[in-house]
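Below: the structure, in structure tokens.
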Amino acid sequence: MNTAAIYHRPDSEYAYLYTENLIHLRLRTARADCFSVSLVYGDPYQLNEKDWYKTTTPIKKILTTDLYDYWEIAITVPYRRLSYAFIITGYDNTSVFFTEHGTLPVNDFNLSMENNYFRMPYLHEIDRFKAPEWVKKTVWYQIFPERFSNGDSTNDPKDVLPWNSKNHPGRQDFYGGDLQGILNNLDYLVDLGINGIYLCPIFSAKSNHKYDTTDYFTIDPTFGDKKILKNLIDECHKRGIKIMLDAVFNHLGDCSEQWLDVIQNGEKSQFKDWFHIHSFPVQYEITNDFEHSENKNYDTFAFTPHMPKLNTANTEVQNYILSIAKYWIQEFDIDAWRLDVANEVDHHLWRQFAEVCHGLKKDFYILGEVWHSSQSWLQGDEFTAVMNYPFTDSIKAYFIDKTITLDRFVSNLNSQLMLYRKQTNQVMLNTIDSHDTPRLLTLTKGNKQLMKQIFAFLYLQQGVPCLYYGDEIGIDGGMDPDCRKCMIWDPKKQDLEMLEFTKQLIKLRHENQMIISDGVLNWAEIDSLSGTLVFERSLVEDKLIGIFNTGHDHIFSPLSGELLLSNLSSIKDNNLIIGPEGFAIIRV
């Protein structure tokens, strides 16, 4: 037995309170190394009184990666206290008692020693990671406001271009999209099945993307005003649509009041400690790239001189940011914050931020933009979830780039799931493309059948799907700014077949959300030779089965239930015949 691979950590994603009374415990062992794992557990004050160490409960292996097997069990305890350890048996017929102190021989002496056990001293409900129930039921729609719809030409920016007048928008182009345009098209979103809108920044800023904010308390005048925003949010809520605003508190724009004061007054500026400035006056060397500079004497986002980094350890900056968080919840009843460049801001601020938001609205959703593993932000006292880029990057690496094998693909997904608590996985935001990446249709080189297969796979995963505006009608686009094309509203220029497919897929997601969010995952078939990928999600007596052909030849599968949605497939003699890039989704 490879005892060095055995791992468990209390009070983490390996041991946590899932619901008010249900505890989840996980254990990691080396892949294909252990035959069985059992749990020994009970109340810490009753170890010898009840002799509970003489009773074991088998634990089920739930997921496997290229290196490890993961085991999990859900238990309840009568007194909200828990002592526990594991008995592990390997395929070599050796057994060990895995404890707080590592591996020990399995005998009554070791089993009866109270200090050998892992502890959960008291399960405080206030410490439990709580994810809002409504988020699991949401299908998000990301809108880049400047490019969605121009509903009010009176607030158009200077030098506005005619809508969709360029095949490839420039980095500093303006087309006049605004909040009124979104309001005018709410019925379109309802018809699509959307019940959550994720708005890229709408606050005052110089750029078209608005991530260079100058005033967080003002709507950019080219988008409208607070009255129209209030109307938009009210109308969304009437339709059952949640609203998530996007903000970047890592930096300000260089046209903000605070930074302009620093430029004017230098070391005497009242805002000099709001930023990370190394000397005065602030300066940088211009390059041929507007977004890049050399030899700055102040910290910024990346290397752009136009986004000076905030010093979030400064009390005045903290109070400023927290007042912004409060304002838009109290005055406009927003449902969520999406936090840009969240991983470059200190944890201390985010804990304060979460406390403020949840104090005003208990079921508030806080989504962080983090492009890598995110355990330190997802302990329950900072973010509710992050944008699940590593998860969706694996989807692109397998389905599109073909840079990983099917076995490695499944391993990557399982590894991601094991990084977090179940309630965290249920609300992670899964998006294939966004304002920061090439669009899916471009990534697939115009292959709409592959695009459908990827969407179908994504919408069957734990976490909540997010559709980037226009993907549903076949908009393409390369890397930013090309991925920020104007929305197409002329039905003659829309891909109406893709639109109908997207509606069906979103409908399927809503109707089967509980199985997808709460069901137990089983990878039923992973065949790298044929490219056959079959997985099941089971909840009580219901089962959802996804069959995906990622190979080059047709595959065959018995039709064992109700066919909910399929593509590039047919039925013959009650058997499914699925072509390359096809799929079938069945409910049993």
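Within each chain, counting starts at residue 1; across the structure tokens, chains are named A, B, ... in the order shown, with ligands numbered 1 upward in that order.
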
Show me, as an mmCIF file with N, CA and C atoms, in the first residue's frame, the residues that have an atom within 12 Å of Asn167 in chain A when counting only C-alpha atoms, minus same-chain residues fewer than 4 positions from it.
```cif
data_model
loop_
_atom_site.group_PDB
_atom_site.id
_atom_site.type_symbol
_atom_site.label_atom_id
_atom_site.label_comp_id
_atom_site.auth_asym_id
_atom_site.auth_seq_id
_atom_site.Cartn_x
_atom_site.Cartn_y
_atom_site.Cartn_z
ATOM 1 N N PRO A 162 -22.028 53.315 -36.431
ATOM 2 C CA PRO A 162 -23.282 52.625 -36.716
ATOM 3 C C PRO A 162 -23.211 51.174 -36.216
ATOM 4 N N TRP A 163 -24.336 50.686 -35.734
ATOM 5 C CA TRP A 163 -24.398 49.340 -35.150
ATOM 6 C C TRP A 163 -23.925 48.290 -36.159
ATOM 7 N N ILE A 475 -22.818 34.156 -33.257
ATOM 8 C CA ILE A 475 -21.796 35.204 -33.379
ATOM 9 C C ILE A 475 -20.423 34.575 -33.124
ATOM 10 N N ASP A 476 -19.451 34.947 -33.962
ATOM 11 C CA ASP A 476 -18.091 34.470 -33.776
ATOM 12 C C ASP A 476 -17.216 35.624 -33.308
ATOM 13 N N GLY A 477 -15.928 35.386 -33.162
ATOM 14 C CA GLY A 477 -15.029 36.459 -32.748
ATOM 15 C C GLY A 477 -13.764 35.908 -32.123
ATOM 16 N N GLY A 478 -12.640 36.499 -32.479
ATOM 17 C CA GLY A 478 -11.359 36.091 -31.913
ATOM 18 C C GLY A 478 -11.123 36.724 -30.557
ATOM 19 N N PRO A 481 -10.281 42.571 -28.868
ATOM 20 C CA PRO A 481 -11.680 43.025 -28.792
ATOM 21 C C PRO A 481 -12.641 42.361 -29.783
ATOM 22 N N ASP A 482 -12.152 41.387 -30.558
ATOM 23 C CA ASP A 482 -12.999 40.794 -31.594
ATOM 24 C C ASP A 482 -14.166 40.003 -30.998
ATOM 25 N N CYS A 483 -13.997 39.508 -29.772
ATOM 26 C CA CYS A 483 -15.068 38.742 -29.120
ATOM 27 C C CYS A 483 -16.179 39.655 -28.594
ATOM 28 N N ARG A 484 -16.032 40.946 -28.790
ATOM 29 C CA ARG A 484 -17.007 41.922 -28.280
ATOM 30 C C ARG A 484 -17.791 42.567 -29.430
ATOM 31 N N LYS A 485 -18.174 41.759 -30.384
ATOM 32 C CA LYS A 485 -18.941 42.265 -31.523
ATOM 33 C C LYS A 485 -20.342 42.681 -31.092
ATOM 34 N N CYS A 486 -20.961 43.495 -31.923
ATOM 35 C CA CYS A 486 -22.342 43.911 -31.650
ATOM 36 C C CYS A 486 -23.294 42.730 -31.793
ATOM 37 N N MET A 487 -24.290 42.694 -30.929
ATOM 38 C CA MET A 487 -25.330 41.681 -31.015
ATOM 39 C C MET A 487 -26.071 41.839 -32.345
ATOM 40 N N ILE A 488 -26.450 40.712 -32.928
ATOM 41 C CA ILE A 488 -27.200 40.722 -34.185
ATOM 42 C C ILE A 488 -28.685 40.567 -33.858
#
```

Need to verify the contact set: Asp273 in chain A, 9 Å, only C-alpha atoms, exclusion of same-chain residues closer than 3 positions in sequence. Can you return it as a list in words? Ser269, Gln270, His276, Ile277, Leu310, Asn311, Asn314 and Val317 of chain A

Written file, previous selection with C-alpha atoms, as a CSV table (one decimal), in the first residue's frame:
```csv
chain,number,residue,atom,x,y,z
A,269,SER,CA,-2.2,64.4,-2.5
A,270,GLN,CA,-4.7,63.2,0.0
A,276,HIS,CA,1.1,51.6,-4.5
A,277,ILE,CA,3.4,54.5,-5.5
A,310,LEU,CA,-5.5,50.3,-5.2
A,311,ASN,CA,-3.9,49.8,-1.8
A,314,ASN,CA,-5.5,51.2,3.5
A,317,VAL,CA,-9.8,52.5,0.6
```

Atom pair CA of Trp350 in chain A + CA of Ala313 in chain A, distance 11.1 Å

Discussion item. Just want the 10 Å neighbourhood of range 289-305 of chain A, counted on only C-alpha atoms, with same-chain residues fewer than 2 positions away dropped. Output as a ChimeraX atom specification.
Written reply: /A:171,212,250-254,275-287,307-311,341,344

Give me, as a Markdown table, each residue of range 205-314 of chain A that comes within 12 Å of range 137-153 of chain A, together with its shortest interatomic pair and the distance in Å at one decimal, counting only C-alpha atoms, with rows ordered by chain and rising residue number.
```
| residue | atom | partner | partner_atom | distance |
| --- | --- | --- | --- | --- |
| A:Ser207 | CA | A:Glu146 | CA | 10.1 |
| A:Asn208 | CA | A:Glu146 | CA | 6.5 |
| A:His209 | CA | A:Glu146 | CA | 7.4 |
| A:Lys210 | CA | A:Glu146 | CA | 9.3 |
| A:Tyr211 | CA | A:Phe144 | CA | 11.4 |
| A:Ile219 | CA | A:Pro145 | CA | 11.9 |
| A:Asp220 | CA | A:Glu146 | CA | 10.7 |
| A:Pro221 | CA | A:Asp152 | CA | 11.2 |
| A:Thr222 | CA | A:Glu146 | CA | 8.7 |
| A:Phe223 | CA | A:Glu146 | CA | 7.6 |
| A:Gly224 | CA | A:Asp152 | CA | 8.3 |
| A:Asp225 | CA | A:Asp152 | CA | 11.6 |
| A:Ile228 | CA | A:Asp152 | CA | 10.9 |
| A:Gly240 | CA | A:Thr138 | CA | 10.0 |
| A:Ile241 | CA | A:Thr138 | CA | 8.7 |
| A:Lys242 | CA | A:Thr138 | CA | 8.3 |
| A:Ile243 | CA | A:Trp140 | CA | 9.3 |
| A:Met244 | CA | A:Trp140 | CA | 9.2 |
| A:Leu245 | CA | A:Gln142 | CA | 10.4 |
| A:Asp246 | CA | A:Gln142 | CA | 10.3 |
```

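From CA of Val37 in chain A back to CA of Asp51 in chain A, the distance works out to 19.9 Å.
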
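CA of Ala131 in chain A sits 9.8 Å away from CA of Lys362 in chain A.
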
Name the residues of range 264-411 of chain A that come out as strand (DSSP E) in a backbone DSSP run; write them as a ChimeraX atom specification.
/A:285-286,293-294,336-340,365-368,385-386

Residue set, range 336-515 of chain A restricted to helix (DSSP H, G or I), as a PyMOL selection string
chain A and resi 342-344+347-360+375-377+389-401+406-417+422-425+440-443+448-459+471-473+482-484+491-493+496-511+513-515

Find the residues around Asp43 in chain A up to 9 Å (only C-alpha atoms counted), leave out those fewer than 5 positions away in its own chain, and share them as a PyMOL selection string. chain A and resi 52+77-84
